[in-house]
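> Handing you this structure, nothing more for now.
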Amino acid sequence: MWCMCVNRLYLFIAWALLSSLPQMVGVVGLEVHAQIQSTSKLFSGSHVRFLAPPNSLVSHFDASLPGTLPVLNRRCVEAAVLTGLALNCTINRKSLFDRKHYFYADMPAGYQITQQRVPIAVNGMLVYSHFEGRRRNQVVTKSVKIKQIQLEQDSGKSLHDDEQSQTLIDLNRAGVGLMELVMEPEMCCGEEAAAAVRELQLILQALGTCQANMAEGQLRVDANVSVHRPGEPLGVRTEVKNINSVRHLAKAIDYEIQRQMEVLQSAGKVLNETRAFDSKSGNTIPMRDKEGLQDYRFMPEPNLPPLFVYKSEASVPAGVDPAQVVVIDRLSAQLPELPSVKRTRLVETYGILQEHSFTLVNEDGLMDYFENVVQTTKAEPRKVIGWVIKELMGNLNSQNLKVSQSPISPCALAELINLAESGHISSSTAKQVFQEMWKAPEKTVGQIVKEQDLWMINDKEELQKICRRIVDSHPEEVQIIRRGNKKVLNKLMGEVQRETKGRTDPVQVRAILEKMVS
Amino acid sequence: MSAPSAAFRPAAAMLSLSIREVSQALRDGRVSATELCRKCIDQIQRTHYLNAFITITGETAMEQAQRADNRIRTGKPLGPLDGIPFSVKDNFCTENIKTTCASKMLKGYVPPFSATVVQKLLDQGAVLVGKTNLDEFAMGAGSTDGVFGPIRNPWSYTTLYREQSTEDPDSDWAISGGSSGGSAAAVAALSSFLALGSDTGGSTRNPGSLCGVVALKPTYGLLSRHGLIPLVNSMDVPGIMTRSVHDAATVLRILQGRDERDSTTVQAPSTPPSLPEHFDIRDICVGIPKEYHAPGLSTDTLAQWSRVAAMFEQAGARVQEVSLPHTQHSIVCYHVLCCCEVASNMARFDGLEYGHRSTIDSSTDAMYATTRHEGFNNVVRRRILSGNYFLLKSNYERYFVKAQQMRRLITEDLKNVFRSGIDVLLTPTTLSDAARYTDFIQEDNRTRSAQEDVFTQPVNMAGLPAVTVPTALSRRGLPISLQLIGQTLQDWKLLTVAHWMEQQVNFPMIHLHGDSDERKLDRLVRERTHTIGS
């Protein structure tokens, strides 16, 4: 009994202490493995292709046949340097390769060639934004430091056949070039991490250095998560793996932060472990830990000389062919317009909202679509953006289509907008026509409008007739209006719209109706 | 394996020629490539008791020889090696030909490609007669630790040796040295005109020295390692074994140069078509490193060292004592670095993709463990264990980094000596002539490697070229050789000096002893200088 009392006392004190301290917060760092988009592997001539027949893209080196040696693929180095430049990194003029040892069935050499000591790029920065506020339309811009980018080999894939209790190995992926990007633990929640990764995806896709599709494994993100009270040292961290979409990343991190807080609040301890995200339950669960006790026995890779990259063609030493080496200035000149620059340009050039610039850049091909429409119509860009974001994206999303699969071409949309702008069809009709165009892409805008008789009624006499009919058939309403309640006029206008299937100009109709009832 | 019943037939005269001579004989039509190939294969079989070969590639060799004959007959030989039989240490990959590394781990392994150096020889029309025996994965200095058994030194089957021996030829014989013992024995026993070895700490020069053949370890990076199953990547080089310095130079010229499949290779300096016939030794400064007066140096070897140094001096070369103060630490550093790379390089042998696989498959880990336990011998397993220990995070600084720092100092020592004006260093290759097998195996592999590699190993640390040339026979009738060490990428100059030295020393031609009385065929007592002179 006494014992229990003391325990309770401690718990009480602990609770009292805890509640007087500042709130715990999450701390998130990311390790991103980005598969380099190149025709051949990092150290061999085998091709790189997703979904090729098993073991059809395997060179002697990839299968670790004894006596084979690695030969560095310059394209992969260039991809890493481009990525480093886009992420504001310092490019190391001299970097080194190391062997990281562990036995795993899909890593045939018994070691991975990586860059542990001196990676190709260091000290970078990723600027990303996410939305806050009740309507989620306030753009908040943040940044996270990139500690390093290192080149390394991907592993093969193991497929476990539990029924026959055997493991099948596919080495197609073995030796594909990876860029490992390490982001410092400077994020605080799933949403921030997801926004950072989304921005990274856009940058990599713009550069063409990685396709960055998480579901296909071209981009793999592991999250290092811990919690602490601000001002105190960082807590024990866990590593969360098995995350295959940006949405899951946010979910996994938030779950893990919550879990760790609960563990600490119930006086438990967070273990330094690897956990897997289970997308069905939304939980993280401990993984059989192959990392925890490993000593990787790093060693310099003796078969690869130091990797040199040069600032400019002029700094390439004599006797070395500048065409055969990696030159930073040459790559800088090739850098495409990056997403943040695109967004600023869109806002400045077209006067659209910042949040819309994000949507335009996030969707592959949407910006081009938008700019195409803007160029072929007389309408204000701010009007076009409404069409693109509401009508086009709404339809695409509901059918799970990409921009490139849109049945309505930018030209056709521009034509439609032009008709609405010039008053040949009403804006509500235009929306109706849009849906018809979606269903029957082979028809022109003109055809649809004509077939369905949707042209605007601009004939004054005809409008008068219609309005007269409505006024005559609604004597009660007319009385009310005449007594001074002008709001009821809207009801009459609605009746006219219904009668004409929206083919009238509301301003004209209102003027006629006002005259009739006064 | 039983002792020799017969050694040479008169036909063997052709076999004792140098590459230069036999190549001329082929062109002159005095012998055909197929005849020559047949003779070599017969000689391999006649000397099978040496256990120098793991695989004899008779059939494909005869086909290659036939093609060489066609070319020679039409007056279009590919070069000085067209039709010349050669053999290759069994740690070089050979397409469609078993490559075992003398290990159970790779028994029956058939590589789908050939090592660059092998391919270059084949492309020159040379005829591959077989793959030679070695220490398992080239780990050893005696050629006594391979799964196919020890290799016997051909010189322990000469009249001189046998007459001094009271025991029967199956119990009293000398080791070949290692780890490229099979290649050295093949060239010494006249079953190949040329053999490839590998040299990581002396593995080409040591057996070359003990078997009395010329053995060249080229500058690191001058020859491609693509297809050489590695021991220590940062020190391995393909080695060249021939019966004359001139032949070694011919082969070097063909094998050297950049290979895009080996990123550590370098562009070869331009080399003249052959070694200069007239060369003034008075322009040369020969260094004698005082630290090489090591404990255990035999009186015979010391005497040879002094004799040859005196020859240089008398001929007008400058001979000067030099110091390499860090040499004494070379072996222990080598041990650390070698074990580390071995641990790493051997990690790929897991039984999954190729090679031996244990039948124990209760789990992937259990399969790995038993596969590796069954596949590797004690020597390999011990080096893997030590290497993994040295590479542990907590030990890395203390062992690997220290050894690398010492490696730099050893390299600096050698650089300094050459910077001071020395052209070549003259040293013994081994402490003494070849040990008797029964004596040699009294000590374990690690001890023997440490003892045997003292003179050869520092060169690998620094990546320098070195060549060993036999100079005389010991009292036991076994070869004693001396080593010349040159500057980086000065392999040609090194061979030029070695060529001069070879011409002075009059090393005798081997003369195998037929132990059955009725077939006592003593012949071929030809001075080596007669063969390689002019």
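Lettering and numbering for the structure tokens are positional, with chains as A, B, ... in the shown order, residues counted from 1 in each chain, and ligands counted from 1 in the shown order.
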So which residues of region 49-117 of chain B fall under strand (DSSP E) by DSSP, listed as a ChimeraX atom specification?
/B:53-56,85-89
> So which residues of region 390-507 of chain A fall under helix (DSSP H, G or I) by DSSP, listed as a ChimeraX atom specification?
/A:390-399,403-405,410-421,427-439,445-451,460-473,475-482,486-499,506-507
> Suppose you want the space between CA of Cys340 (chain B) and CA of Thr359 (chain B); what is it in Å?
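So the two atoms, CA of Cys340 (chain B) and CA of Thr359 (chain B), lie 28.6 Å apart.
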> Tell me, as a PyMOL selection string, which residues lie within 6 Å of Leu216 (chain B), counting only C-alpha atoms; anything in the same chain fewer than 3 positions away does not count.
chain B and resi 239-240+467
> Rounded to one decimal, what separation in Å do you get between CA of His160 (chain A) and CA of Ala52 (chain A)?
18.9 Å
> Could you write out as number ranges by chain the residues of chain A within 6 Å of chain B, counting only C-alpha atoms?
A: 66-68, 108-110, 297, 302
> Which polymer residues have any atom within 9 Å of an atom of Asn283 (chain A), counting only C-alpha atoms, with same-chain residues fewer than 3 positions away left out, as a list in words?
Lys251, Ala252, Tyr255, Glu256, Ala276, Phe277, Asp278, Ser279 and Lys280 of chain A
> Measure the distance from CA of Leu482 (chain B) to CA of Val308 (chain B) in Å and round it to one decimal.
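Pair CA of Leu482 (chain B) / CA of Val308 (chain B) returns 8.6 Å.
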> Which of these, A:Leu202, A:Leu21, A:Ala79, A:Ile480, has the shortest distance to Arg343 (chain A) once you count only C-alpha atoms?
A:Leu202
> If we count only C-alpha atoms, what is near Val127 (chain A) at a cut-off of 10 Å, once residues fewer than 3 positions away on the same chain are taken out, given as a ChimeraX atom specification?
/A:87-88,141-145,195-196,199-200,340
